[in-house]
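Below is one structure, written out as structure tokens; the observations come after it.
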Protein chains: 2
Amino acid sequence: MSSRTGSVPGVERFREFLNEYNHPVTPQRLRVAALLFGTHDHISADEIVQRLRVSGDAVGKATVYRTLDLLLKAGLIREHDFGEGFRRYEPCPARPHHEHLVCVRCGKVIEFESAAFERLQTEVATLHRFEPSHHKVEIYGECEECHN
Amino acid sequence: MSSRTGSVPGVERFREFLNEYNHPVTPQRLRVAALLFGTHDHISADEIVQRLRVSGDAVGKATVYRTLDLLLKAGLIREHDFGEGFRRYEPCPARPHHEHLVCVRCGKVIEFESAAFERLQTEVATLHRFEPSHHKVEIYGECEECHN
DNA sequence: TTCAATGCAAAGCATTTGCATCCAA
DNA sequence: TTGGATGCAAATGCTTTGCATTGAA
């Protein structure tokens, strides 16, 4: 075992969420949450399985997917599909809302925020009589290292 | 049979692309192209198979996927993943580059363009030393009919 | 004790691939 | 005539589900 999960705020929030909805707090759930809240990467379900296995805290793949569902419902993580054939996840609470730059060669993901984008979302949605809930802005291209 | 494919500009452009790369011009390829260039929807591979079957121009699913690849390589269609578990396609040449508003209830897709978004993409990419190739802006929410 | 969680394996789906047959050029 | 296209069915890869077992409360 490695993580003192109690010290990670995100894990605490997940614990509260589980209590609130009378979902058992299991070691597997805490491990998945601790891993997610302890990384800055945008990792896939499979990477979660791998990393937990390596650190000796193996959790079944099905349980990982089920825990990701819970974390999504709790609003504690964000789900992404960058068109790679699988989804990636990142913790929410850490940083404010942000968008992504994705390198089409090496897969590197860089985050950025832009108040202008936020403003434009509201503007455009209102114009089309939409009630906006969320949005995605992804810019694809080549990062400095990959671009010759 | 229904379509006089010769009258649709997109189909003509596809024909030229096939000739240029010495790919045979087959009736199946023309049918898929004609369907795509004749609709304003954002349709899935499966919908293409269904609609062609209904109109008596059945084309195998594998051929549809293979033709979509060609159309993508030709730059004549755009591919979208709105997180529904499958991809949607739309003709490119018809309209200038645009973004999407997606109703999370009924799945309706509305297109919009915004010069401001285009400008911001370049700005942000340059800031992070990215060479931008393309981008996606999707705003999710409830359309007027679905919102109450 | 008890009801939900776990984890394996099987099932589901969209998409891709293998291969025998067919056809555009 | 012939190399590539077609289309069925099988394979793939991510994700979900069924079910017997385990464990949190």
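Naming works like this for the structure tokens: A, B, ... for the chains as they're shown, residue 1 at the start of each chain, ligands 1 onward in shown order.
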
**Message:** as a ChimeraX atom specification, please: the residues near B:Leu71 (cut-off 8 Å, only C-alpha atoms (C1' of nucleotides), same-chain neighbours under 6 positions excluded).
**Reply:** /B:14,33,77

Compute the chain D side of the contact with chain A at 10 Å, counting only C-alpha atoms (C1' of nucleotides), and hand it back as a compact mmCIF listing (two decimals) with C-alpha atoms (C1' of nucleotides), in the first residue's frame.
# COMPACT_ATOMS: atom_id res chain seq x y z
C1' DG D 13 -10.86 -3.77 -28.83
C1' DC D 14 -13.24 -1.03 -25.51
C1' DT D 15 -16.89 -1.24 -22.43
C1' DT D 16 -20.80 -3.49 -20.06
C1' DT D 17 -23.14 -7.27 -17.86
C1' DG D 23 -16.93 -8.06 2.35
C1' DA D 24 -18.53 -3.37 4.36
C1' DA D 25 -21.70 -1.81 7.65

**Message:** Quick check: residues of chain B within 6 Å of chain A, only C-alpha atoms, returned as JSON, numbers by chain.
**Reply:** {"B": [129, 130, 131, 132, 133, 134, 135, 136, 137, 138, 139, 140, 141, 142, 143, 144]}

**Request:** Find the residues around D:DT12 up to 12 Å (only C-alpha atoms (C1' of nucleotides) counted), leave out those fewer than 5 positions away in its own chain, and share them as a list in words.
**Result:** Gly85 of chain A; DC13, DA14, DT15, DT16 and DT17 of chain C

**Prompt:** Out of chain B, which residues get helix (DSSP H, G or I) from DSSP, as a ChimeraX atom specification?
**Reply:** /B:5-7,9-20,27-37,45-54,61-73,115-127

**Asked** Neighbours of C:DA20 within 12 Å (only C-alpha atoms (C1' of nucleotides); same-chain residues fewer than 2 positions away dropped), as a PyMOL selection string?
**Response** (chain C and resi 18+22) or (chain D and resi 6-9)

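Within 12 Å of B:Ser55, once only C-alpha atoms (C1' of nucleotides) are used and residues closer than 2 positions along the same chain are dropped, the contacting residues are B:Met1, B:Ser2, B:Ser3, B:Arg31, B:Val32, B:Leu35, B:Ile48, B:Val49, B:Gln50, B:Arg51, B:Leu52, B:Arg53, B:Asp57, B:Ala58, B:Val59.
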
**Request:** Could you check which of B:Gly56, B:Gly38, B:Val11, B:Arg88 is closest to chain C, using only C-alpha atoms (C1' of nucleotides)?
**Result:** B:Arg88

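For the pair atom CA of A:Glu16 and atom CA of A:Arg29, the interatomic distance is 12.6 Å.
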
If you take only C-alpha atoms (C1' of nucleotides) and a cut-off of 12 Å, which residues of chain C touch chain A, and what are their nearest atom pairs and distances in Å to one decimal, in chain and number order, as JSON lines?
{"residue": "C:DC3", "atom": "C1'", "partner": "A:Pro24", "partner_atom": "CA", "distance": 10.6}
{"residue": "C:DA4", "atom": "C1'", "partner": "A:Pro24", "partner_atom": "CA", "distance": 7.6}
{"residue": "C:DA5", "atom": "C1'", "partner": "A:Pro24", "partner_atom": "CA", "distance": 7.8}
{"residue": "C:DT6", "atom": "C1'", "partner": "A:Thr63", "partner_atom": "CA", "distance": 6.8}
{"residue": "C:DG7", "atom": "C1'", "partner": "A:Gly60", "partner_atom": "CA", "distance": 5.6}
{"residue": "C:DC8", "atom": "C1'", "partner": "A:Gly60", "partner_atom": "CA", "distance": 8.5}
{"residue": "C:DA9", "atom": "C1'", "partner": "A:Ala62", "partner_atom": "CA", "distance": 11.0}
{"residue": "C:DA14", "atom": "C1'", "partner": "A:Gly85", "partner_atom": "CA", "distance": 10.3}
{"residue": "C:DT15", "atom": "C1'", "partner": "A:Gly85", "partner_atom": "CA", "distance": 9.9}

**Asked** When DSSP works through the backbone of this structure, what residues of stretch 77-109 of chain A end up as strand (DSSP E), shown as a list of chain:residue names?
**Response**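 Strand (DSSP E) assignments inside stretch 77-109 of chain A correspond to A:Ile77, A:Arg78, A:Glu79, A:His80, A:Arg88, A:Tyr89, A:Glu90, A:Pro91, A:Glu99, A:His100, A:Leu101, A:Val102, A:Cys103, A:Val109.
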
Please produce a file of those selected residues containing all heavy atoms, as a short mmCIF file (atom, residue, chain, number, x, y, z; two decimals), in the first residue's frame.
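The resulting file, out.cif, is reproduced below:
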data_model
loop_
_atom_site.label_atom_id
_atom_site.label_comp_id
_atom_site.auth_asym_id
_atom_site.auth_seq_id
_atom_site.Cartn_x
_atom_site.Cartn_y
_atom_site.Cartn_z
N ILE A 77 -14.70 13.79 -11.65
CA ILE A 77 -13.76 13.60 -12.76
C ILE A 77 -14.43 14.00 -14.08
O ILE A 77 -15.66 14.12 -14.13
CB ILE A 77 -13.25 12.14 -12.88
CG1 ILE A 77 -14.42 11.19 -13.17
CG2 ILE A 77 -12.50 11.73 -11.62
CD1 ILE A 77 -13.99 9.76 -13.45
N ARG A 78 -13.62 14.20 -15.10
CA ARG A 78 -14.13 14.52 -16.44
C ARG A 78 -13.73 13.39 -17.37
O ARG A 78 -12.67 12.80 -17.22
CB ARG A 78 -13.49 15.80 -16.98
CG ARG A 78 -14.20 17.07 -16.60
CD ARG A 78 -13.44 18.28 -17.14
NE ARG A 78 -13.80 18.60 -18.52
CZ ARG A 78 -13.19 19.55 -19.25
NH1 ARG A 78 -12.17 20.22 -18.73
NH2 ARG A 78 -13.56 19.80 -20.47
N GLU A 79 -14.59 13.12 -18.34
CA GLU A 79 -14.33 12.06 -19.31
C GLU A 79 -14.01 12.69 -20.66
O GLU A 79 -14.65 13.67 -21.04
CB GLU A 79 -15.59 11.20 -19.42
CG GLU A 79 -15.45 10.00 -20.31
CD GLU A 79 -16.76 9.20 -20.32
OE1 GLU A 79 -17.79 9.75 -20.76
OE2 GLU A 79 -16.76 8.04 -19.88
N HIS A 80 -13.04 12.14 -21.37
CA HIS A 80 -12.69 12.67 -22.68
C HIS A 80 -12.59 11.57 -23.72
O HIS A 80 -12.19 10.46 -23.41
CB HIS A 80 -11.33 13.37 -22.63
CG HIS A 80 -11.33 14.58 -21.77
ND1 HIS A 80 -11.98 15.72 -22.13
CD2 HIS A 80 -10.79 14.79 -20.55
CE1 HIS A 80 -11.82 16.62 -21.17
NE2 HIS A 80 -11.11 16.08 -20.20
N ARG A 88 -10.42 8.80 -21.90
CA ARG A 88 -9.45 9.21 -20.89
C ARG A 88 -10.18 9.96 -19.79
O ARG A 88 -11.22 10.56 -20.03
CB ARG A 88 -8.38 10.12 -21.51
CG ARG A 88 -7.43 9.41 -22.46
CD ARG A 88 -6.51 10.41 -23.13
NE ARG A 88 -5.60 9.79 -24.07
CZ ARG A 88 -4.40 9.30 -23.73
NH1 ARG A 88 -3.99 9.37 -22.47
NH2 ARG A 88 -3.62 8.75 -24.63
N TYR A 89 -9.58 9.95 -18.60
CA TYR A 89 -10.22 10.58 -17.45
C TYR A 89 -9.23 11.48 -16.73
O TYR A 89 -8.04 11.20 -16.70
CB TYR A 89 -10.75 9.51 -16.50
CG TYR A 89 -11.72 8.58 -17.17
CD1 TYR A 89 -11.27 7.47 -17.89
CD2 TYR A 89 -13.08 8.85 -17.14
CE1 TYR A 89 -12.17 6.63 -18.55
CE2 TYR A 89 -13.99 8.03 -17.79
CZ TYR A 89 -13.52 6.92 -18.50
OH TYR A 89 -14.40 6.11 -19.16
N GLU A 90 -9.76 12.54 -16.14
CA GLU A 90 -8.89 13.43 -15.38
C GLU A 90 -9.71 13.97 -14.20
O GLU A 90 -10.93 14.09 -14.29
CB GLU A 90 -8.42 14.60 -16.24
CG GLU A 90 -9.55 15.50 -16.67
CD GLU A 90 -9.10 16.84 -17.24
OE1 GLU A 90 -8.03 17.32 -16.83
OE2 GLU A 90 -9.83 17.39 -18.07
N PRO A 91 -9.04 14.29 -13.10
CA PRO A 91 -9.75 14.85 -11.96
C PRO A 91 -10.24 16.25 -12.29
O PRO A 91 -9.59 16.98 -13.01
CB PRO A 91 -8.68 14.89 -10.86
CG PRO A 91 -7.38 14.87 -11.58
CD PRO A 91 -7.60 14.11 -12.84
N GLU A 99 -9.74 23.72 -21.53
CA GLU A 99 -9.87 23.02 -22.81
C GLU A 99 -8.57 22.29 -23.09
O GLU A 99 -7.64 22.35 -22.29
CB GLU A 99 -10.18 24.02 -23.91
CG GLU A 99 -11.24 25.06 -23.54
CD GLU A 99 -12.55 24.46 -23.10
OE1 GLU A 99 -12.76 23.25 -23.31
OE2 GLU A 99 -13.38 25.18 -22.52
N HIS A 100 -8.52 21.60 -24.24
CA HIS A 100 -7.34 20.78 -24.54
C HIS A 100 -6.72 21.00 -25.91
O HIS A 100 -7.42 21.15 -26.90
CB HIS A 100 -7.70 19.31 -24.38
CG HIS A 100 -8.09 18.95 -22.99
ND1 HIS A 100 -9.40 19.04 -22.54
CD2 HIS A 100 -7.36 18.56 -21.92
CE1 HIS A 100 -9.44 18.70 -21.27
NE2 HIS A 100 -8.22 18.40 -20.86
N LEU A 101 -5.40 20.96 -25.90
CA LEU A 101 -4.61 20.93 -27.11
C LEU A 101 -4.09 19.50 -27.19
O LEU A 101 -3.47 19.02 -26.23
CB LEU A 101 -3.40 21.86 -26.97
CG LEU A 101 -3.55 23.32 -27.38
CD1 LEU A 101 -2.48 24.15 -26.70
CD2 LEU A 101 -3.42 23.46 -28.89
N VAL A 102 -4.32 18.80 -28.28
CA VAL A 102 -3.89 17.41 -28.39
C VAL A 102 -2.92 17.25 -29.55
O VAL A 102 -3.23 17.62 -30.68
CB VAL A 102 -5.10 16.48 -28.62
CG1 VAL A 102 -4.66 15.03 -28.67
CG2 VAL A 102 -6.15 16.68 -27.53
N CYS A 103 -1.74 16.71 -29.26
CA CYS A 103 -0.78 16.48 -30.33
C CYS A 103 -1.17 15.21 -31.09
O CYS A 103 -1.28 14.14 -30.50
CB CYS A 103 0.64 16.32 -29.78
SG CYS A 103 1.84 15.96 -31.09
N VAL A 109 -1.13 15.92 -24.21
CA VAL A 109 -2.30 16.77 -24.00
C VAL A 109 -1.89 17.97 -23.16
O VAL A 109 -1.30 17.82 -22.10
CB VAL A 109 -3.42 16.00 -23.27
CG1 VAL A 109 -4.58 16.92 -22.98
CG2 VAL A 109 -3.87 14.81 -24.10
#
